[in-house]
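See structure below.
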Amino acid sequence: MRFRDKIRGGVSLIKSGVARRRFPLSVLFHNTIKCNLKCSYCSAWKRTVPEMTTEQIKSMLDQLAEMGTRKFSYAGGESLLRDDAGEIISYAGQKGMFTTLTTNSLLVPERIDQLRDLDLWIVSLDGPNSKHERTKHVPVEDVLAMIDLLVSRNRKVWTNTTLTAGPRADIDFVISQAREHGFRANFQLMRTYPLALNIDESLLCSREEIIEAFSYLIWLKIKGAPIINSFSYLNRVKEHPFGMFDKCLAGKNYCLIDANGDVYPCDDFQDRLNVENGLEVGFKRAFELMPEFDCQGCTFPCYIENNFLFALNPETVWNAIKEVW
Ligand SMILES: C[S@@+](CC[C@H](N)C(=O)[O-])C[C@H]1O[C@@H](n2cnc3c(N)ncnc32)[C@H](O)[C@@H]1O
Ligand code: SF4
Ligand code: SF4
């Protein structure tokens with residue numbers, strides 16, 4: 001991302017936080033719903049949704065850029081399955097967007113060259129082998145080898161750990177690997193959500209485990225551990241382990257776009273809110289016509305951190321500057 005685009009991103013942030021302008025500053029895009037894994041906590045791969053073509057996605061990016069989108073997060077399904085991933089990310093970068101991509105990492109060797117313009121790789125890493133094999137059914141050594149490949153090619157790497165029952169040992173493992181392999185670590189809780197069908201709910205953390213894990217993460221971060229989550233976020237989850245609805249900016253300053261072009265406030269509403277489709281009515285109109293929704297709150301870091309960031313919470317803004325710039 002060019003320096004000029006970083007400055008523009010900062011100006012957009014101020015517009016969302018101070019002027020309270022409604023526009024999708026940040027967009028999470030599910031480029032595909034297909035996957036090469038069948039994780040125990042996910043059923044994305046069970047859905048059937050038609051996917052947009054490369055040209056349709058580029059047109060979507062043109063429209064988002066006009067609306068002021070500055071962050072484009074690419075996920076799925078498995079984000080690296082589509083062979084136009086590099087082309088789409090480069091195009092988003094040319095439009096001045098900061099780009100991230102979340103992946104299970106299996107296809108990194110095939111895609112690393114195409115994805116030269118990607119600003120931030122986010123690799124899923126759930127814990128030691130006993131845990132990663134249980135959630136993703138892949139040896140953790142394979143994931144660490146992919147991280148080493150990315151780091152050796154000077155790519156910026158974060159990991160995303162989905163915390164499941166017995167989180168303390170997973171946190172210790174990930175932090176020790178972060179120090180050894182040179183990456184920074186983000187943590188989120190495994191959750192249930194409407195689209196998660198037949199996932200293994202015995203993997204969910206208990207209330208006590210959540211409070212203990214987040215108190216521990218706060219302590220580790222104070223001690224200088226390479227943890228990305230802001231203190232504001234960690235404290236929020238410690239105090240509200242199952243989330244709370246508080247000034248959420250979903251549908252106001254960020255949104256989720258599904259693989260077929262449906263525009264949702266966030267992925268909690270996929271297939272259960274009657275939304276507009278950007279291919280049919282245009283992405284600006286689909287965003288503006290987002291229906292009202294009821295929510296009890298959540299603990300998803302990508303969203304809650306956005307809520308703090310776009311409301312210009314000083315600690316989260318400073319944390320983001322340190323982690324991203
Ligand atoms: C849906 S995946 C898409 C990207 C890619 N397929 C991957 O697994 O990294 C995005 C992130 O959500 C996590 N995830 C999947 N199911 C989850 C659940 N039920 N609760 C919380 N996180 C989950 C994944 O481990 C991954 O880090
Ligand atoms: S978490 Fe990612 S890798 Fe696992 S099934 Fe879901 S989309 Fe696929
Ligand atoms: S699920 Fe989370 S991000 Fe979505 S509307 Fe509710 S609080 Fe906001």
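We name chains A, B, ... following the order of the structure tokens; residues begin at 1 in each chain, and ligands are numbered from 1 as shown.
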
DSSP on the backbone: which residues in range 24-206 of chain A end up as strand (DSSP E)? Give the answer as a PyMOL selection string.
chain A and resi 26-30+71-75+98-103+120-124+157-163+184-189

List as a list in words the protein and nucleic acid residues near Val174 in chain A, meaning an atom at most 9 Å away when only C-alpha atoms are counted, but skip any in the same chain fewer than 5 places from it.
Leu125, Asp126, Gly127, Pro128, Thr159, Thr161, Ala169, Arg179 and Ala185 of chain A

Kindly work out which residues sit at most 9 Å from ligand 1, using only C-alpha atoms and all ligand atoms, and give the list as a ChimeraX atom specification.
/A:30,33-37,39-44,74-80,101-105,122-126,135-136,159-164,188-193,196,199-201,204,300

CA of Val140 in chain A to CA of Phe187 in chain A, distance in Å rounded to a single decimal
16.7 Å

Kindly indicate which residue among A:Tyr264, A:Leu289, A:Arg236, A:Gln94 lies nearest to Glu305 in chain A, using only C-alpha atoms for the distances.
A:Arg236

Determine, for each residue of chain A having at least one atom at most 8 Å from an atom of ligand 3, the closest pair of atoms and their separation in Å to one decimal, counting only C-alpha atoms and all ligand atoms; order by chain and ascending number, as JSON lines.
```
{"residue": "A:Gly243", "atom": "CA", "partner": "ligand 3", "partner_atom_place_in_ligand_line": "7 (S)", "distance": 7.5}
{"residue": "A:Met244", "atom": "CA", "partner": "ligand 3", "partner_atom_place_in_ligand_line": "7 (S)", "distance": 6.8}
{"residue": "A:Phe245", "atom": "CA", "partner": "ligand 3", "partner_atom_place_in_ligand_line": "7 (S)", "distance": 5.1}
{"residue": "A:Asp246", "atom": "CA", "partner": "ligand 3", "partner_atom_place_in_ligand_line": "7 (S)", "distance": 7.1}
{"residue": "A:Cys248", "atom": "CA", "partner": "ligand 3", "partner_atom_place_in_ligand_line": "8 (Fe)", "distance": 4.7}
{"residue": "A:Leu249", "atom": "CA", "partner": "ligand 3", "partner_atom_place_in_ligand_line": "8 (Fe)", "distance": 6.6}
{"residue": "A:Ala250", "atom": "CA", "partner": "ligand 3", "partner_atom_place_in_ligand_line": "8 (Fe)", "distance": 5.1}
{"residue": "A:Gly251", "atom": "CA", "partner": "ligand 3", "partner_atom_place_in_ligand_line": "5 (S)", "distance": 7.7}
{"residue": "A:Pro265", "atom": "CA", "partner": "ligand 3", "partner_atom_place_in_ligand_line": "5 (S)", "distance": 6.3}
{"residue": "A:Cys266", "atom": "CA", "partner": "ligand 3", "partner_atom_place_in_ligand_line": "4 (Fe)", "distance": 4.8}
{"residue": "A:Asp267", "atom": "CA", "partner": "ligand 3", "partner_atom_place_in_ligand_line": "4 (Fe)", "distance": 6.8}
{"residue": "A:Asp268", "atom": "CA", "partner": "ligand 3", "partner_atom_place_in_ligand_line": "1 (S)", "distance": 5.1}
{"residue": "A:Phe269", "atom": "CA", "partner": "ligand 3", "partner_atom_place_in_ligand_line": "4 (Fe)", "distance": 7.2}
{"residue": "A:Phe293", "atom": "CA", "partner": "ligand 3", "partner_atom_place_in_ligand_line": "5 (S)", "distance": 7.6}
{"residue": "A:Asp294", "atom": "CA", "partner": "ligand 3", "partner_atom_place_in_ligand_line": "5 (S)", "distance": 7.6}
{"residue": "A:Cys295", "atom": "CA", "partner": "ligand 3", "partner_atom_place_in_ligand_line": "6 (Fe)", "distance": 4.7}
{"residue": "A:Gln296", "atom": "CA", "partner": "ligand 3", "partner_atom_place_in_ligand_line": "6 (Fe)", "distance": 6.2}
{"residue": "A:Gly297", "atom": "CA", "partner": "ligand 3", "partner_atom_place_in_ligand_line": "7 (S)", "distance": 3.7}
{"residue": "A:Cys298", "atom": "CA", "partner": "ligand 3", "partner_atom_place_in_ligand_line": "2 (Fe)", "distance": 4.2}
{"residue": "A:Thr299", "atom": "CA", "partner": "ligand 3", "partner_atom_place_in_ligand_line": "2 (Fe)", "distance": 6.7}
{"residue": "A:Phe300", "atom": "CA", "partner": "ligand 3", "partner_atom_place_in_ligand_line": "2 (Fe)", "distance": 6.4}
{"residue": "A:Tyr303", "atom": "CA", "partner": "ligand 3", "partner_atom_place_in_ligand_line": "3 (S)", "distance": 5.0}
{"residue": "A:Ile304", "atom": "CA", "partner": "ligand 3", "partner_atom_place_in_ligand_line": "3 (S)", "distance": 6.6}
```

Residue selection dump (N, CA and C atoms) as a tab-separated table (two decimals), in the first residue's frame:
```tsv
chain	number	residue	atom	x	y	z
A	243	GLY	N	-20.55	-11.41	24.20
A	243	GLY	CA	-20.82	-10.23	23.39
A	243	GLY	C	-21.89	-9.33	23.97
A	244	MET	N	-21.91	-8.10	23.48
A	244	MET	CA	-22.97	-7.16	23.84
A	244	MET	C	-23.18	-6.27	22.62
A	245	PHE	N	-24.40	-5.75	22.48
A	245	PHE	CA	-24.66	-4.89	21.32
A	245	PHE	C	-24.45	-3.45	21.74
A	246	ASP	N	-23.40	-2.83	21.22
A	246	ASP	CA	-23.07	-1.48	21.65
A	246	ASP	C	-22.53	-0.69	20.47
A	248	CYS	N	-22.84	-0.68	17.31
A	248	CYS	CA	-22.22	-1.46	16.23
A	248	CYS	C	-22.34	-0.71	14.90
A	249	LEU	N	-21.25	-0.67	14.16
A	249	LEU	CA	-21.22	0.06	12.90
A	249	LEU	C	-21.38	-0.85	11.69
A	250	ALA	N	-21.76	-2.11	11.94
A	250	ALA	CA	-22.06	-3.02	10.82
A	250	ALA	C	-23.20	-2.41	10.01
A	251	GLY	N	-23.03	-2.38	8.70
A	251	GLY	CA	-24.08	-1.79	7.86
A	251	GLY	C	-24.00	-0.28	7.78
A	265	PRO	N	-24.89	-6.68	6.66
A	265	PRO	CA	-24.14	-5.91	7.66
A	265	PRO	C	-22.90	-6.66	8.13
A	266	CYS	N	-23.06	-7.98	8.40
A	266	CYS	CA	-21.94	-8.82	8.83
A	266	CYS	C	-22.35	-10.26	8.58
A	267	ASP	N	-21.43	-11.21	8.80
A	267	ASP	CA	-21.77	-12.58	8.39
A	267	ASP	C	-22.76	-13.26	9.32
A	268	ASP	N	-23.08	-12.62	10.44
A	268	ASP	CA	-24.09	-13.20	11.32
A	268	ASP	C	-25.48	-13.18	10.66
A	269	PHE	N	-25.64	-12.36	9.63
A	269	PHE	CA	-26.96	-12.22	9.02
A	269	PHE	C	-27.08	-12.93	7.67
A	293	PHE	N	-31.92	-4.29	11.49
A	293	PHE	CA	-31.77	-5.65	12.04
A	293	PHE	C	-31.64	-5.58	13.55
A	294	ASP	N	-31.98	-6.69	14.19
A	294	ASP	CA	-31.83	-6.82	15.65
A	294	ASP	C	-30.63	-7.67	15.94
A	295	CYS	N	-29.88	-7.32	16.96
A	295	CYS	CA	-28.71	-8.13	17.29
A	295	CYS	C	-28.44	-8.08	18.79
A	296	GLN	N	-27.99	-9.20	19.33
A	296	GLN	CA	-27.66	-9.28	20.76
A	296	GLN	C	-26.19	-8.96	21.01
A	297	GLY	N	-25.43	-8.76	19.94
A	297	GLY	CA	-24.00	-8.50	20.10
A	297	GLY	C	-23.17	-9.72	19.76
A	298	CYS	N	-21.87	-9.50	19.62
A	298	CYS	CA	-20.98	-10.61	19.27
A	298	CYS	C	-19.59	-10.31	19.82
A	299	THR	N	-18.68	-11.25	19.62
A	299	THR	CA	-17.29	-11.03	20.06
A	299	THR	C	-16.32	-11.13	18.87
A	300	PHE	N	-16.81	-11.03	17.63
A	300	PHE	CA	-15.92	-11.21	16.47
A	300	PHE	C	-14.92	-10.06	16.43
A	303	TYR	N	-14.98	-7.33	13.60
A	303	TYR	CA	-16.05	-6.35	13.68
A	303	TYR	C	-15.91	-5.44	14.91
A	304	ILE	N	-15.65	-6.03	16.07
A	304	ILE	CA	-15.60	-5.21	17.29
A	304	ILE	C	-14.41	-4.24	17.24
```

Between CA of Glu292 in chain A and CA of Lys71 in chain A - distance in Å to one decimal:
23.8 Å

Write out as a PyMOL selection string all residues of range 24-251 of chain A that DSSP puts in alpha helix (DSSP H) for this structure's backbone.
chain A and resi 54-67+85-94+108-111+129-135+140-152+167-181+207-222+231-239

Straight-line distance linking CA of His132 in chain A with CA of Asp170 in chain A, stated in Å to one decimal
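That distance, rounded to one decimal, is 9.2 Å.
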
Find, counting only C-alpha atoms, the residue in A:Thr69, A:Gln114, A:Asn306, A:Asn253 that gets nearest to Gly9 in chain A.
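When distances to Gly9 in chain A are compared using only C-alpha atoms, the smallest one comes from A:Thr69.
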
Choose the residue, out of A:Gly182, A:Gly278, A:Leu195, A:Trp158, that has the smallest atom-to-atom separation from ligand 2; count only C-alpha atoms and all ligand atoms.
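Selected residue with least distance to ligand 2: A:Leu195.
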
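In this comparison, which uses only C-alpha atoms and all ligand atoms, the residue of A:Met290, A:Leu81, A:Leu234, A:Leu25 approaching ligand 2 most closely is A:Leu81.
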
Of the candidates A:Asn229, A:Leu220, A:Arg134, A:Arg21, which shows the shortest atom-to-atom distance to ligand 2, using only C-alpha atoms and all ligand atoms?
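The answer is A:Arg134, which sits nearest to ligand 2.
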
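With only C-alpha atoms and all ligand atoms as the basis for measurement, A:Leu106 is the residue among A:Val157, A:Ala320, A:Leu106, A:Ala311 that approaches ligand 2 most closely.
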
Report as a PyMOL selection string all protein, DNA and RNA residues lying within 9 Å of range 207-211 of chain A, evaluated on only C-alpha atoms, omitting residues in the same chain fewer than 6 positions from it.
chain A and resi 163+165-168+189+237-242

Hey, what's within 12 Å of Asp83 in chain A if we count only C-alpha atoms and toss same-chain stuff fewer than 3 positions away? As an mmCIF file with C-alpha atoms, in the first residue's frame, please?
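Result went into result-v7.cif, see below:
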```
data_model
loop_
_atom_site.group_PDB
_atom_site.id
_atom_site.type_symbol
_atom_site.label_atom_id
_atom_site.label_comp_id
_atom_site.auth_asym_id
_atom_site.auth_seq_id
_atom_site.Cartn_x
_atom_site.Cartn_y
_atom_site.Cartn_z
ATOM 1 C CA ASN A 31 -14.749 -14.580 -2.811
ATOM 2 C CA THR A 32 -15.889 -18.194 -2.787
ATOM 3 C CA THR A 53 -16.930 -13.569 -12.256
ATOM 4 C CA THR A 54 -13.587 -11.739 -12.195
ATOM 5 C CA GLU A 78 -10.910 -20.926 1.126
ATOM 6 C CA SER A 79 -9.760 -17.634 -0.331
ATOM 7 C CA LEU A 80 -6.852 -19.097 -2.324
ATOM 8 C CA GLY A 86 -3.927 -12.307 -7.183
ATOM 9 C CA GLU A 87 -5.601 -10.307 -9.962
ATOM 10 C CA ILE A 88 -8.430 -9.210 -7.644
ATOM 11 C CA ILE A 89 -6.083 -8.225 -4.809
ATOM 12 C CA LEU A 107 -2.317 -23.308 -1.376
ATOM 13 C CA VAL A 108 0.317 -20.718 -0.423
ATOM 14 C CA GLU A 110 0.751 -22.047 -5.739
ATOM 15 C CA ARG A 111 -0.432 -18.481 -5.086
ATOM 16 C CA ILE A 112 2.431 -16.637 -3.382
ATOM 17 C CA ASP A 113 3.824 -15.137 -6.602
ATOM 18 C CA GLN A 114 0.428 -13.990 -7.893
ATOM 19 C CA LEU A 115 -0.308 -12.346 -4.551
#
```
